[in-house]
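Reviewing the structure listed below.
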Amino acid sequence: MDTISYVTVDVFTSTRFEGNPLAVISDARGLSDAAMQRIATEFNYSEVTFVLPPEDPENSARVRIFTPTMEIPFAGHPNVGTAYVLGQQAEIFGKPVGEKLRFEEEAGIVEVELRRSGGKVAAAAIRAPQPLTVGDTIAEEIIARCIGLEPGAIVKTTHAPVFASVGLNFAVAELNGLKALSAARPHLTGFQAAAGRQTTSGHDFSLFVYARTAENPWAIRARMFAPLDNVPEDPATGSASAALGAYLVTLTPEADMNVRITIEQGIEMGRRSVITLDVAKSGGIVTDVIISGSCVAVMRGEIILQD
């Protein structure tokens, strides 16, 4: 095998060159772990996915996700984008593509629903593979140093800055409005210091900051910074959005509720993304988080594996 095919898609958008770009290698058989990492580093997208036959034939595929620096157990936009790409195919490793897919990942099984428009796959919805876990709180001074703001820009009315995960761990913090959100800039030394203090993670210290209004609390603007993973800023982060959405719903006084949350991200980068979350809560516990979004194809090509 001298070459291997890839497709790139923009995820959480229906407009080409917006959203979050993703490269998908839909048949990664024969690639070593080291080769996957080198390919992901070469693309330098926030993530690249490598699709392999499932270990359990009841599932659709095994999906491995790499950032430019490491493999991670789960991420949102790689799953949505990979499902969109595989949904264009007639088969996945000899099995017909149905309306629902199951991906084997390090974080667990990711269930996917393909959504069609005019008979063609246009979007995908995935279920977070793990229940919400909330870790240590983080001092607002640490968050402020990471993004070059004063500590007073960090809001603690609803919650202090904290680690949260539904499969991949993020620091999440609320800012006091769009002006502060727009002014945020990642400072590498702040992230390096924060990473030295963190106690739980599936990757290097990554920070998801957001702003919202009391009048419309489920319409959120967000930004995600992960310079330690060679991702200074990410245009759309489904896994962080899902963790934040689950956490905010957990904090509401209602014991039972179903909430639709819309998160806009990437606007400051000129790559607007729209992430939709459907969060279910029963008996005071978040029981389900569905992450959905549209996709659009951008490029196709081949990677040369050897001279």
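All residue names refer to the structure tokens as shown: chains lettered A, B, ... in order, residues numbered from 1 in each chain, ligands numbered from 1 in order.
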Contacts of A:Phe170 at 8 Å (only C-alpha atoms; same-chain gap of 2+ positions) as a ChimeraX atom specification | /A:163-165,168,172,201,205-208,240,243
Near A:Ile143, within 12 Å and counting only C-alpha atoms, which residues show up once chain neighbours fewer than 2 positions away are dropped, as a PyMOL selection string?
-> chain A and resi 137-141+145-155+160-163+171-175+184-187+189-195+197+205-209+225
Contact check, stretch 58-80 of chain A to stretch 285-303 of chain A, at most 9 Å, counting only C-alpha atoms, closest pairs as a Markdown table:
| residue | atom | partner | partner_atom | distance |
| --- | --- | --- | --- | --- |
| A:Gly76 | CA | A:Ile291 | CA | 7.3 |
| A:His77 | CA | A:Gly293 | CA | 8.5 |
| A:Val80 | CA | A:Gly293 | CA | 7.1 |
Determine, counting only C-alpha atoms, which protein, DNA and RNA residues have an atom within 7 Å of an atom of stretch 43-53 of chain A; residues of the same chain fewer than 5 positions away are not included. Present the result as a PyMOL selection string.
-> chain A and resi 21-29+61-68+78+93+231+234
Got a sec to tell me which of stretch 116-187 of chain A DSSP assigns to helix (DSSP H, G or I), as a ChimeraX atom specification?
-> /A:140-147,151-153,178-183
May I have all residues of stretch 42-212 of chain A that DSSP, computed from the backbone, assigns to strand (DSSP E), given as number ranges by chain?
-> A: 48-52, 61-66, 71-72, 91-92, 95-96, 100-105, 108-117, 120-127, 133-137, 154-155, 162-165, 169-175, 207-211
Pick out the residues sitting within 8 Å of A:Val249, and hand them over as an MDAnalysis selection string; count only C-alpha atoms, and ignore anything fewer than 5 positions along from it in its own chain.
-> chainID A and resid 259 279 281 286
Go through A:Ala123, A:Val97, A:Leu228, A:Val112 and flag the residue nearest A:Val9, using only C-alpha atoms for the distances.
-> A:Ala123
Residues near stretch 236-238 of chain A, anyone? I mean within 9 Å using only C-alpha atoms, not counting same-chain ones fewer than 3 positions away, as an mmCIF file with N, CA and C atoms, in the first residue's frame.
data_model
loop_
_atom_site.group_PDB
_atom_site.id
_atom_site.type_symbol
_atom_site.label_atom_id
_atom_site.label_comp_id
_atom_site.auth_asym_id
_atom_site.auth_seq_id
_atom_site.Cartn_x
_atom_site.Cartn_y
_atom_site.Cartn_z
ATOM 1 N N VAL A 11 -17.104 20.727 9.893
ATOM 2 C CA VAL A 11 -18.087 20.156 10.813
ATOM 3 C C VAL A 11 -18.755 21.264 11.635
ATOM 4 N N PHE A 12 -20.015 21.046 11.970
ATOM 5 C CA PHE A 12 -20.862 21.996 12.688
ATOM 6 C C PHE A 12 -21.128 23.244 11.849
ATOM 7 N N GLY A 19 -16.971 26.447 10.261
ATOM 8 C CA GLY A 19 -16.972 25.267 11.121
ATOM 9 C C GLY A 19 -15.564 24.790 11.425
ATOM 10 N N ASN A 20 -15.464 23.526 11.832
ATOM 11 C CA ASN A 20 -14.183 22.951 12.259
ATOM 12 C C ASN A 20 -13.733 21.903 11.250
ATOM 13 N N ALA A 75 -13.955 12.804 21.158
ATOM 14 C CA ALA A 75 -14.135 14.217 20.807
ATOM 15 C C ALA A 75 -15.405 14.321 19.988
ATOM 16 N N GLY A 76 -16.018 15.494 20.016
ATOM 17 C CA GLY A 76 -17.320 15.658 19.381
ATOM 18 C C GLY A 76 -17.264 15.822 17.879
ATOM 19 N N HIS A 77 -16.538 16.848 17.399
ATOM 20 C CA HIS A 77 -16.577 17.111 15.959
ATOM 21 C C HIS A 77 -15.955 15.983 15.154
ATOM 22 N N PRO A 78 -14.943 15.241 15.643
ATOM 23 C CA PRO A 78 -14.456 14.089 14.880
ATOM 24 C C PRO A 78 -15.500 12.985 14.706
ATOM 25 N N VAL A 80 -18.914 13.445 14.709
ATOM 26 C CA VAL A 80 -19.942 13.950 13.797
ATOM 27 C C VAL A 80 -19.417 13.920 12.358
ATOM 28 N N PHE A 208 -12.217 25.836 27.985
ATOM 29 C CA PHE A 208 -13.450 26.191 27.278
ATOM 30 C C PHE A 208 -14.098 27.322 28.045
ATOM 31 N N ALA A 222 -19.012 30.596 22.788
ATOM 32 C CA ALA A 222 -17.886 29.951 23.459
ATOM 33 C C ALA A 222 -16.628 30.021 22.614
ATOM 34 N N ARG A 223 -15.500 29.819 23.284
ATOM 35 C CA ARG A 223 -14.198 29.667 22.633
ATOM 36 C C ARG A 223 -13.430 28.575 23.373
ATOM 37 N N MET A 224 -12.586 27.860 22.650
ATOM 38 C CA MET A 224 -11.787 26.791 23.267
ATOM 39 C C MET A 224 -10.327 26.952 22.872
ATOM 40 N N SER A 241 -18.483 21.246 24.605
ATOM 41 C CA SER A 241 -19.851 21.767 24.637
ATOM 42 C C SER A 241 -20.766 20.813 25.391
ATOM 43 N N ALA A 242 -20.620 19.519 25.136
ATOM 44 C CA ALA A 242 -21.465 18.529 25.805
ATOM 45 C C ALA A 242 -21.213 18.508 27.302
ATOM 46 N N ALA A 243 -19.941 18.590 27.699
ATOM 47 C CA ALA A 243 -19.624 18.608 29.127
ATOM 48 C C ALA A 243 -20.208 19.849 29.791
ATOM 49 N N GLU A 264 -22.615 28.628 19.877
ATOM 50 C CA GLU A 264 -21.880 29.180 18.744
ATOM 51 C C GLU A 264 -20.409 29.299 19.139
ATOM 52 N N GLN A 265 -19.550 28.889 18.244
ATOM 53 C CA GLN A 265 -18.113 28.911 18.514
ATOM 54 C C GLN A 265 -17.393 29.257 17.214
ATOM 55 N N GLY A 266 -16.157 29.719 17.327
ATOM 56 C CA GLY A 266 -15.347 29.986 16.145
ATOM 57 C C GLY A 266 -15.608 31.322 15.495
ATOM 58 N N ARG A 271 -14.666 31.388 11.576
ATOM 59 C CA ARG A 271 -15.125 30.040 11.226
ATOM 60 C C ARG A 271 -16.327 29.687 12.118
ATOM 61 N N ARG A 272 -17.420 30.385 11.910
ATOM 62 C CA ARG A 272 -18.595 30.196 12.768
ATOM 63 C C ARG A 272 -19.060 28.735 12.740
ATOM 64 N N SER A 273 -19.306 28.213 13.927
ATOM 65 C CA SER A 273 -19.821 26.859 14.102
ATOM 66 C C SER A 273 -21.076 26.920 14.963
ATOM 67 N N VAL A 274 -21.989 26.000 14.717
ATOM 68 C CA VAL A 274 -23.209 25.904 15.531
ATOM 69 C C VAL A 274 -23.340 24.466 16.015
ATOM 70 N N ILE A 275 -23.265 24.294 17.313
ATOM 71 C CA ILE A 275 -23.357 22.988 17.958
ATOM 72 C C ILE A 275 -24.688 22.923 18.701
ATOM 73 N N THR A 276 -25.467 21.896 18.430
ATOM 74 C CA THR A 276 -26.751 21.720 19.112
ATOM 75 C C THR A 276 -26.635 20.592 20.120
ATOM 76 N N LEU A 277 -27.096 20.853 21.335
ATOM 77 C CA LEU A 277 -27.096 19.848 22.401
ATOM 78 C C LEU A 277 -28.530 19.609 22.852
ATOM 79 N N ILE A 291 -25.226 15.348 20.891
ATOM 80 C CA ILE A 291 -24.498 16.415 20.208
ATOM 81 C C ILE A 291 -24.792 16.280 18.720
ATOM 82 N N SER A 292 -25.267 17.348 18.076
ATOM 83 C CA SER A 292 -25.599 17.239 16.655
ATOM 84 C C SER A 292 -25.132 18.465 15.888
#
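Nearest to A:Arg116 of all the residues A:Gln88, A:Thr252, A:Thr157, A:Ser239 is A:Gln88, based on only C-alpha atoms.
Minimum distance to A:Ala180 across A:Phe103, A:Phe17, A:Tyr247, A:Tyr210 (counting only C-alpha atoms) occurs at A:Tyr210.
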re atom CA of A:Glu113 and atom CA of A:Ala280: distance 17.1 Å
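Counting from atom CA of A:Asn216, the distance to atom CA of A:Arg260 is 11.8 Å.
The gap separating atom CA of A:Ala214 from atom CA of A:Gly283 is 24.5 Å, in Å to one decimal.
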